[in-house]
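Visitor: Following this line is model_15.cif, made up of mmCIF, C-alpha atoms; chains and numbers go by the auth columns:
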data_query
loop_
_atom_site.group_PDB
_atom_site.id
_atom_site.type_symbol
_atom_site.label_atom_id
_atom_site.label_comp_id
_atom_site.label_asym_id
_atom_site.label_seq_id
_atom_site.Cartn_x
_atom_site.Cartn_y
_atom_site.Cartn_z
_atom_site.B_iso_or_equiv
_atom_site.auth_seq_id
_atom_site.auth_asym_id
ATOM 1 C CA MET A 1 13.100 11.168 -10.227 0.00 5 A
ATOM 2 C CA GLU A 2 11.307 14.328 -11.335 0.00 6 A
ATOM 3 C CA GLN A 3 8.283 12.308 -12.455 0.00 7 A
ATOM 4 C CA LEU A 4 8.158 10.474 -9.127 0.00 8 A
ATOM 5 C CA GLN A 5 8.209 13.776 -7.268 0.00 9 A
ATOM 6 C CA LEU A 6 5.466 15.191 -9.482 0.00 10 A
ATOM 7 C CA ARG A 7 3.369 12.057 -8.930 0.00 11 A
ATOM 8 C CA GLU A 8 3.773 12.248 -5.170 0.00 12 A
ATOM 9 C CA LYS A 9 2.900 15.948 -5.083 0.00 13 A
ATOM 10 C CA GLU A 10 -0.241 15.346 -7.144 0.00 14 A
ATOM 11 C CA ILE A 11 -1.337 12.399 -4.973 0.00 15 A
ATOM 12 C CA PHE A 12 -0.771 14.453 -1.823 0.00 16 A
ATOM 13 C CA GLU A 13 -2.841 17.359 -3.136 0.00 17 A
ATOM 14 C CA MET A 14 -5.575 14.975 -4.298 0.00 18 A
ATOM 15 C CA LEU A 15 -5.761 13.323 -0.869 0.00 19 A
ATOM 16 C CA LYS A 16 -6.105 16.747 0.747 0.00 20 A
ATOM 17 C CA GLU A 17 -9.129 17.428 -1.449 0.00 21 A
ATOM 18 C CA ILE A 18 -10.906 14.144 -0.663 0.00 22 A
ATOM 19 C CA LYS A 19 -9.899 13.711 2.998 0.00 23 A
ATOM 20 C CA GLU A 20 -13.416 14.464 4.282 0.00 24 A
ATOM 21 C CA PHE A 21 -14.851 11.414 2.490 0.00 25 A
ATOM 22 C CA LYS A 22 -15.008 7.957 4.092 0.00 26 A
ATOM 23 C CA PHE A 23 -12.112 5.892 2.777 0.00 27 A
ATOM 24 C CA VAL A 24 -9.033 4.072 4.008 0.00 28 A
ATOM 25 C CA LEU A 25 -5.629 4.540 2.420 0.00 29 A
ATOM 26 C CA ILE A 26 -3.855 1.236 1.735 0.00 30 A
ATOM 27 C CA GLY A 27 -0.952 0.082 -0.451 0.00 31 A
ATOM 28 C CA GLY A 28 2.380 1.769 -0.958 0.00 32 A
ATOM 29 C CA TYR A 29 1.280 5.209 0.181 0.00 33 A
ATOM 30 C CA ALA A 30 0.042 3.705 3.467 0.00 34 A
ATOM 31 C CA VAL A 31 3.495 2.221 4.039 0.00 35 A
ATOM 32 C CA ASN A 32 4.835 5.793 4.268 0.00 36 A
ATOM 33 C CA ALA A 33 2.944 6.243 7.549 0.00 37 A
ATOM 34 C CA TYR A 34 4.972 3.502 9.231 0.00 38 A
ATOM 35 C CA ALA A 35 8.337 3.072 7.514 0.00 39 A
ATOM 36 C CA LEU A 36 10.932 5.091 5.661 0.00 40 A
ATOM 37 C CA PRO A 37 8.967 6.904 2.942 0.00 41 A
ATOM 38 C CA ARG A 38 9.161 5.375 -0.514 0.00 42 A
ATOM 39 C CA PHE A 39 7.808 6.392 -3.892 0.00 43 A
ATOM 40 C CA SER A 40 4.638 4.642 -5.027 0.00 44 A
ATOM 41 C CA VAL A 41 3.069 4.453 -8.459 0.00 45 A
ATOM 42 C CA ASP A 42 -0.670 4.126 -7.822 0.00 46 A
ATOM 43 C CA CYS A 43 -2.713 5.416 -4.916 0.00 47 A
ATOM 44 C CA ASP A 44 -5.133 2.813 -3.506 0.00 48 A
ATOM 45 C CA ILE A 45 -8.108 3.676 -1.328 0.00 49 A
ATOM 46 C CA VAL A 46 -10.889 1.433 -0.008 0.00 50 A
ATOM 47 C CA VAL A 47 -14.539 2.482 0.338 0.00 51 A
ATOM 48 C CA LYS A 48 -17.479 0.578 1.793 0.00 52 A
ATOM 49 C CA ASP A 49 -20.224 1.324 -0.718 0.00 53 A
ATOM 50 C CA ASP A 50 -21.199 2.737 -4.100 0.00 54 A
ATOM 51 C CA LYS A 51 -22.625 5.920 -2.578 0.00 55 A
ATOM 52 C CA GLU A 52 -19.273 6.979 -1.154 0.00 56 A
ATOM 53 C CA THR A 53 -17.593 5.946 -4.393 0.00 57 A
ATOM 54 C CA GLU A 54 -19.867 8.308 -6.339 0.00 58 A
ATOM 55 C CA LYS A 55 -18.925 11.222 -4.048 0.00 59 A
ATOM 56 C CA ILE A 56 -15.225 10.569 -4.491 0.00 60 A
ATOM 57 C CA GLU A 57 -15.618 10.047 -8.235 0.00 61 A
ATOM 58 C CA LYS A 58 -17.371 13.411 -8.574 0.00 62 A
ATOM 59 C CA LYS A 59 -14.576 15.163 -6.677 0.00 63 A
ATOM 60 C CA LEU A 60 -11.819 13.452 -8.650 0.00 64 A
ATOM 61 C CA ILE A 61 -13.420 14.526 -11.912 0.00 65 A
ATOM 62 C CA GLU A 62 -13.554 18.088 -10.586 0.00 66 A
ATOM 63 C CA LEU A 63 -9.829 17.807 -9.912 0.00 67 A
ATOM 64 C CA GLY A 64 -9.118 16.846 -13.509 0.00 68 A
ATOM 65 C CA TYR A 65 -9.156 13.052 -13.247 0.00 69 A
ATOM 66 C CA SER A 66 -11.020 10.882 -15.717 0.00 70 A
ATOM 67 C CA LYS A 67 -12.312 7.344 -15.330 0.00 71 A
ATOM 68 C CA GLU A 68 -10.153 4.843 -17.189 0.00 72 A
ATOM 69 C CA GLN A 69 -11.556 1.831 -18.986 0.00 73 A
ATOM 70 C CA ILE A 70 -9.344 -1.120 -18.106 0.00 74 A
ATOM 71 C CA ASN A 71 -9.112 -4.813 -18.776 0.00 75 A
ATOM 72 C CA GLU A 72 -9.378 -6.369 -15.323 0.00 76 A
ATOM 73 C CA LYS A 73 -7.769 -9.568 -16.615 0.00 77 A
ATOM 74 C CA ASN A 74 -4.502 -7.645 -16.755 0.00 78 A
ATOM 75 C CA ILE A 75 -4.787 -6.491 -13.137 0.00 79 A
ATOM 76 C CA SER A 76 -3.273 -8.826 -10.546 0.00 80 A
ATOM 77 C CA HIS A 77 -4.720 -6.966 -7.602 0.00 81 A
ATOM 78 C CA HIS A 78 -8.180 -5.554 -6.759 0.00 82 A
ATOM 79 C CA GLY A 79 -11.763 -6.744 -7.048 0.00 83 A
ATOM 80 C CA SER A 80 -14.558 -4.297 -7.820 0.00 84 A
ATOM 81 C CA PHE A 81 -12.800 -0.997 -8.399 0.00 85 A
ATOM 82 C CA LYS A 82 -12.603 2.150 -10.460 0.00 86 A
ATOM 83 C CA ARG A 83 -9.395 3.676 -11.742 0.00 87 A
ATOM 84 C CA PHE A 84 -9.050 7.396 -12.267 0.00 88 A
ATOM 85 C CA VAL A 85 -6.162 8.976 -14.118 0.00 89 A
ATOM 86 C CA LYS A 86 -4.885 12.499 -14.544 0.00 90 A
ATOM 87 C CA LYS A 87 -2.393 13.645 -17.146 0.00 91 A
ATOM 88 C CA ILE A 88 0.379 15.687 -15.539 0.00 92 A
ATOM 89 C CA LYS A 89 2.772 15.995 -18.454 0.00 93 A
ATOM 90 C CA GLU A 90 3.058 14.562 -21.937 0.00 94 A
ATOM 91 C CA ASN A 91 3.062 10.740 -21.638 0.00 95 A
ATOM 92 C CA PHE A 92 2.920 10.962 -17.828 0.00 96 A
ATOM 93 C CA LYS A 93 -0.151 10.155 -15.771 0.00 97 A
ATOM 94 C CA VAL A 94 -1.133 9.740 -12.134 0.00 98 A
ATOM 95 C CA SER A 95 -3.661 7.070 -11.176 0.00 99 A
ATOM 96 C CA VAL A 96 -6.003 6.473 -8.239 0.00 100 A
ATOM 97 C CA ASP A 97 -7.712 3.127 -7.659 0.00 101 A
ATOM 98 C CA VAL A 98 -10.941 3.241 -5.652 0.00 102 A
ATOM 99 C CA LEU A 99 -11.553 -0.269 -4.308 0.00 103 A
ATOM 100 C CA ILE A 100 -15.230 -0.838 -3.597 0.00 104 A
ATOM 101 C CA LYS A 101 -16.470 -3.053 -0.742 0.00 105 A
ATOM 102 C CA GLY A 102 -13.184 -4.939 -0.505 0.00 106 A
ATOM 103 C CA VAL A 103 -9.862 -5.879 -2.045 0.00 107 A
ATOM 104 C CA LEU A 104 -9.281 -8.961 -4.163 0.00 108 A
ATOM 105 C CA ASP A 105 -5.812 -10.365 -4.611 0.00 109 A
ATOM 106 C CA ARG A 106 -6.274 -12.275 -7.862 0.00 110 A
ATOM 107 C CA LYS A 107 -3.025 -14.204 -7.599 0.00 111 A
ATOM 108 C CA ALA A 108 -3.755 -15.498 -4.092 0.00 112 A
ATOM 109 C CA GLY A 109 -7.502 -15.745 -4.663 0.00 113 A
ATOM 110 C CA VAL A 110 -8.071 -13.859 -1.408 0.00 114 A
ATOM 111 C CA VAL A 111 -10.758 -11.267 -0.727 0.00 115 A
ATOM 112 C CA VAL A 112 -10.279 -8.797 2.119 0.00 116 A
ATOM 113 C CA SER A 113 -13.535 -7.034 2.963 0.00 117 A
ATOM 114 C CA ALA A 114 -13.825 -3.268 3.280 0.00 118 A
ATOM 115 C CA ASP A 115 -15.264 -3.798 6.771 0.00 119 A
ATOM 116 C CA TRP A 116 -12.056 -5.590 7.805 0.00 120 A
ATOM 117 C CA VAL A 117 -9.959 -2.775 6.346 0.00 121 A
ATOM 118 C CA PHE A 118 -11.989 -0.087 8.150 0.00 122 A
ATOM 119 C CA ASP A 119 -11.991 -2.049 11.425 0.00 123 A
ATOM 120 C CA ASN A 120 -8.213 -2.239 11.223 0.00 124 A
ATOM 121 C CA SER A 121 -7.522 1.394 10.388 0.00 125 A
ATOM 122 C CA GLU A 122 -6.790 4.578 12.305 0.00 126 A
ATOM 123 C CA ILE A 123 -6.233 8.276 11.779 0.00 127 A
ATOM 124 C CA LYS A 124 -2.545 8.740 11.052 0.00 128 A
ATOM 125 C CA MET A 125 -0.227 11.410 9.761 0.00 129 A
ATOM 126 C CA PHE A 126 0.579 10.833 6.110 0.00 130 A
ATOM 127 C CA ARG A 127 3.899 12.040 4.731 0.00 131 A
ATOM 128 C CA GLY A 128 5.687 11.457 1.460 0.00 132 A
ATOM 129 C CA LYS A 129 9.305 11.057 0.452 0.00 133 A
ATOM 130 C CA THR A 130 9.578 14.599 -0.894 0.00 134 A
ATOM 131 C CA ILE A 131 6.624 16.231 0.918 0.00 135 A
ATOM 132 C CA THR A 132 7.419 18.035 4.170 0.00 136 A
ATOM 133 C CA GLU A 133 3.792 18.852 4.944 0.00 137 A
ATOM 134 C CA GLY A 134 1.756 16.322 6.941 0.00 138 A
ATOM 135 C CA LEU A 135 -1.809 15.241 6.262 0.00 139 A
ATOM 136 C CA LYS A 136 -4.100 13.390 8.671 0.00 140 A
ATOM 137 C CA LEU A 137 -5.954 10.530 6.975 0.00 141 A
ATOM 138 C CA ARG A 138 -7.621 7.248 7.865 0.00 142 A
ATOM 139 C CA ILE A 139 -4.921 4.717 7.060 0.00 143 A
ATOM 140 C CA ILE A 140 -4.906 0.946 7.457 0.00 144 A
ATOM 141 C CA ASN A 141 -2.979 0.077 10.625 0.00 145 A
ATOM 142 C CA LEU A 142 0.492 -1.403 10.409 0.00 146 A
ATOM 143 C CA ASP A 143 -0.430 -4.953 11.418 0.00 147 A
ATOM 144 C CA ALA A 144 -3.270 -5.177 8.891 0.00 148 A
ATOM 145 C CA LEU A 145 -1.126 -3.588 6.179 0.00 149 A
ATOM 146 C CA PHE A 146 1.549 -6.184 6.898 0.00 150 A
ATOM 147 C CA VAL A 147 -1.073 -8.953 6.523 0.00 151 A
ATOM 148 C CA MET A 148 -2.210 -7.638 3.141 0.00 152 A
ATOM 149 C CA LYS A 149 1.354 -7.232 1.889 0.00 153 A
ATOM 150 C CA PHE A 150 2.274 -10.727 3.117 0.00 154 A
ATOM 151 C CA ILE A 151 -0.700 -12.198 1.224 0.00 155 A
ATOM 152 C CA SER A 152 0.203 -10.430 -2.034 0.00 156 A
ATOM 153 C CA CYS A 153 3.862 -11.422 -1.732 0.00 157 A
ATOM 154 C CA ARG A 154 5.052 -9.630 -4.882 0.00 158 A
ATOM 155 C CA SER A 155 8.632 -8.332 -4.887 0.00 159 A
ATOM 156 C CA ILE A 156 7.565 -4.835 -3.795 0.00 160 A
ATOM 157 C CA ASP A 157 5.320 -6.336 -1.094 0.00 161 A
ATOM 158 C CA ILE A 158 8.214 -8.393 0.262 0.00 162 A
ATOM 159 C CA ARG A 159 10.318 -5.247 0.504 0.00 163 A
ATOM 160 C CA ASP A 160 7.470 -3.558 2.366 0.00 164 A
ATOM 161 C CA VAL A 161 6.909 -6.396 4.879 0.00 165 A
ATOM 162 C CA PHE A 162 10.671 -6.367 5.490 0.00 166 A
ATOM 163 C CA MET A 163 10.518 -2.680 6.405 0.00 167 A
ATOM 164 C CA LEU A 164 7.333 -3.009 8.478 0.00 168 A
ATOM 165 C CA ALA A 165 8.282 -6.147 10.445 0.00 169 A
ATOM 166 C CA PRO A 166 10.094 -4.600 13.469 0.00 170 A
ATOM 167 C CA ASN A 167 7.077 -2.422 14.293 0.00 171 A
ATOM 168 C CA ILE A 168 4.399 -5.129 14.331 0.00 172 A
ATOM 169 C CA LYS A 169 2.331 -4.677 17.495 0.00 173 A
ATOM 170 C CA ASP A 170 0.414 -7.960 17.676 0.00 174 A
ATOM 171 C CA LYS A 171 2.241 -10.912 16.151 0.00 175 A
ATOM 172 C CA LYS A 172 -0.545 -13.290 17.154 0.00 176 A
ATOM 173 C CA PHE A 173 -3.119 -11.235 15.242 0.00 177 A
ATOM 174 C CA VAL A 174 -0.851 -10.985 12.209 0.00 178 A
ATOM 175 C CA LYS A 175 -0.154 -14.690 12.012 0.00 179 A
ATOM 176 C CA GLU A 176 -3.782 -15.703 12.657 0.00 180 A
ATOM 177 C CA GLU A 177 -5.070 -13.375 9.936 0.00 181 A
ATOM 178 C CA ILE A 178 -2.493 -14.605 7.447 0.00 182 A
ATOM 179 C CA LEU A 179 -3.360 -18.235 8.216 0.00 183 A
ATOM 180 C CA LYS A 180 -7.054 -17.457 7.635 0.00 184 A
ATOM 181 C CA LYS A 181 -6.389 -15.918 4.250 0.00 185 A
ATOM 182 C CA CYS A 182 -3.515 -17.792 2.597 0.00 186 A
ATOM 183 C CA ASN A 183 -0.899 -20.511 2.891 0.00 187 A
ATOM 184 C CA PHE A 184 1.482 -18.997 5.430 0.00 188 A
ATOM 185 C CA ASN A 185 4.288 -21.506 4.836 0.00 189 A
ATOM 186 C CA ASP A 186 4.327 -21.084 1.050 0.00 190 A
ATOM 187 C CA ASN A 187 4.482 -17.295 1.257 0.00 191 A
ATOM 188 C CA PHE A 188 6.998 -17.325 4.094 0.00 192 A
ATOM 189 C CA LEU A 189 9.291 -19.609 2.095 0.00 193 A
ATOM 190 C CA ARG A 190 9.166 -17.221 -0.831 0.00 194 A
ATOM 191 C CA ILE A 191 9.898 -14.285 1.474 0.00 195 A
ATOM 192 C CA LYS A 192 12.865 -16.069 3.093 0.00 196 A
ATOM 193 C CA GLU A 193 14.337 -16.941 -0.296 0.00 197 A
ATOM 194 C CA LYS A 194 13.949 -13.349 -1.418 0.00 198 A
ATOM 195 C CA ILE A 195 15.471 -11.642 1.630 0.00 199 A
ATOM 196 C CA ASN A 196 18.391 -14.094 1.710 0.00 200 A
ATOM 197 C CA SER A 197 19.282 -13.422 -1.912 0.00 201 A
ATOM 198 C CA LYS A 198 22.351 -11.346 -2.747 0.00 202 A
ATOM 199 C CA GLN A 199 20.290 -8.849 -4.732 0.00 203 A
ATOM 200 C CA PHE A 200 17.661 -8.139 -2.062 0.00 204 A
ATOM 201 C CA LYS A 201 19.418 -5.367 -0.149 0.00 205 A
ATOM 202 C CA ASP A 202 20.324 -3.504 -3.336 0.00 206 A
ATOM 203 C CA GLY A 203 16.707 -3.673 -4.496 0.00 207 A
ATOM 204 C CA LEU A 204 15.506 -2.533 -1.078 0.00 208 A
ATOM 205 C CA GLN A 205 17.808 0.475 -1.085 0.00 209 A
ATOM 206 C CA GLY A 206 16.724 1.317 -4.608 0.00 210 A
ATOM 207 C CA VAL A 207 13.226 1.871 -3.208 0.00 211 A
ATOM 208 C CA TYR A 208 13.872 3.128 0.331 0.00 212 A
ATOM 209 C CA GLY A 209 17.330 4.679 0.141 0.00 213 A
ATOM 210 C CA TYR A 210 20.482 3.733 2.053 0.00 214 A
ATOM 211 C CA ILE A 211 20.022 1.177 4.859 0.00 215 A
ATOM 212 C CA ASN A 212 23.027 0.318 7.038 0.00 216 A
ATOM 213 C CA ASP A 213 23.900 -3.268 7.951 0.00 217 A
ATOM 214 C CA LEU A 214 22.684 -3.043 11.558 0.00 218 A
ATOM 215 C CA VAL A 215 19.260 -1.783 10.519 0.00 219 A
ATOM 216 C CA PHE A 216 19.051 -4.381 7.761 0.00 220 A
ATOM 217 C CA GLU A 217 19.811 -7.242 10.161 0.00 221 A
ATOM 218 C CA LYS A 218 17.301 -5.885 12.697 0.00 222 A
ATOM 219 C CA HIS A 219 14.519 -5.951 10.105 0.00 223 A
ATOM 220 C CA LYS A 220 15.553 -9.364 8.835 0.00 224 A
ATOM 221 C CA LYS A 221 15.523 -10.846 12.350 0.00 225 A
ATOM 222 C CA ALA A 222 12.084 -9.367 13.119 0.00 226 A
ATOM 223 C CA LEU A 223 10.630 -10.810 9.934 0.00 227 A
ATOM 224 C CA LEU A 224 12.117 -14.281 10.382 0.00 228 A
ATOM 225 C CA GLU A 225 10.797 -14.445 13.949 0.00 229 A
ATOM 226 C CA LEU A 226 7.261 -14.710 12.546 0.00 230 A
ATOM 227 C CA GLU A 227 8.003 -18.277 11.556 0.00 231 A
ATOM 228 C CA LYS A 228 8.232 -19.361 15.224 0.00 232 A
#
Would you give me this structure, written as structure tokens?

Guide:
Amino acid sequence: MEQLQLREKEIFEMLKEIKEFKFVLIGGYAVNAYALPRFSVDCDIVVKDDKETEKIEKKLIELGYSKEQINEKNISHHGSFKRFVKKIKENFKVSVDVLIKGVLDRKAGVVVSADWVFDNSEIKMFRGKTITEGLKLRIINLDALFVMKFISCRSIDIRDVFMLAPNIKDKKFVKEEILKKCNFNDNFLRIKEKINSKQFKDGLQGVYGYINDLVFEKHKKALLELEK
């Protein structure tokens, strides 16, 4: 728990330092703007071009981050990107992924352009699970975040779409965008199997904290209604 708190504090302070640059926050930290805050491992931001990437890279290096050489074959998510890491304690690092010009989901074979991400973003208040201070950032909007999480469909993404589902604003947009980018039925089947499993609620609460039965059923109903 201490490491998670240290990671969140570092990510929050880093975002404060780079907030004037042109990027959109996506991924787990973006979920915190719309649902019960949860801890995230990596911080993912999207930029439109190499020029903005260079500005952010320079600032991150000033903040003590270093560029990490990685084997992209071992990364399930992301297309052209740079990863920056900062050592906080012995054997404990924080990482930031800067996704350039778009996001590639390798498993689904889907590319989401940076233009689409920016077009579907807004200035929102960012808060963490252990951070009381707020920070205004450009964050991908809830509907678009739901689309990206639905496409990825990993276990953590399924937990996130479950938590986001009741607050979807435009179901037509969400479903149309998913249909454009992946096989809706295949992913929805996987999601249904996951949320109907006996272990799902325990796993959900392990990430988000206690969720009572009424709230759980509300989220489940909202998610399953997308199939109609």

Visitor: Once the PyMOL selection byres ((chain A and resi 122) around 12) has been evaluated on this model, what residues remain selected, and can you format them as a ChimeraX atom specification?

Guide: /A:26-30,49-52,105-107,116-121,123-127,142-145,148-149

Visitor: Would you mind listing what lies within 10 Å of Ala37 (chain A) as a PyMOL selection string, with only C-alpha atoms counted and same-chain residues fewer than 2 positions away left out?

Guide: chain A and resi 32-35+39-41+128-132+141+143-146

Visitor: Looking at A:Lys224, A:Lys91, A:Lys198, A:Arg42, which one is nearest to Tyr69 (chain A), with distances taken over all atoms listed in the file?

Guide: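 The shortest atom-to-atom distance to Tyr69 (chain A) comes from A:Lys91.
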
Visitor: Selected by the PyMOL selection byres ((chain A and resi 157) around 12) in the shown coordinates: which residues, as a PyMOL selection string?

Guide: chain A and resi 80-81+109-112+150-156+158-166+182+186-188+190-198

Visitor: Tell me, as a list in words, which residues lie within 10 Å of Leu8 (chain A), counting all atoms listed in the file; anything in the same chain fewer than 5 positions away does not count.

Guide: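 Using all atoms listed in the file, the neighbours found are Lys13, Glu14, Phe43, Ser44, Val45, Val98, Lys133 and Thr134 of chain A.
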
Visitor: Give the answer as one residue: which of A:Ile92, A:Ile199, A:Ile135, A:Ala226 has the shortest atom-to-atom distance to Ile172 (chain A), using all atoms listed in the file?

Guide: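 Closest residue, counting all atoms listed in the file: A:Ala226.
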
Visitor: Counting only C-alpha atoms, which residue out of A:Lys179, A:Lys140, A:Lys97, A:Lys86 sits closest to Glu229 (chain A)?

Guide: A:Lys179

Visitor: How would you write, as a PyMOL selection string, the residues chosen by the PyMOL selection byres ((chain A and resi 59-63) around 9) on this structure?

Guide: chain A and resi 21-22+25-26+54-58+64-71+86+88+102

Visitor: Please return the centre and edge lengths, in Å to one decimal, of a box with edges along x, y and z that contains all listed atoms of region 215-229 of chain A, widened by 8 Å on every side, as lines of an AutoDock Vina configuration file.

Guide:
center_x = 17.3
center_y = -6.6
center_z = 9.4
size_x = 29.3
size_y = 31.6
size_z = 25.1

Visitor: Which is closer to Glu72 (chain A) than all the others in A:Val100, A:Leu227, A:Val219, A:Leu108, using all atoms listed in the file?

Guide: A:Val100

Visitor: Give the answer as one residue: which of A:Asp147, A:Glu180, A:Asp48, A:Glu17 has the shortest atom-to-atom distance to Leu103 (chain A), using only C-alpha atoms?

Guide: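 Between A:Asp147, A:Glu180, A:Asp48, A:Glu17, the residue approaching Leu103 (chain A) most closely is A:Asp48.
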
Visitor: Interatomic distance between CA of Leu183 (chain A) and CA of Leu230 (chain A)?

Guide: 12.0 Å
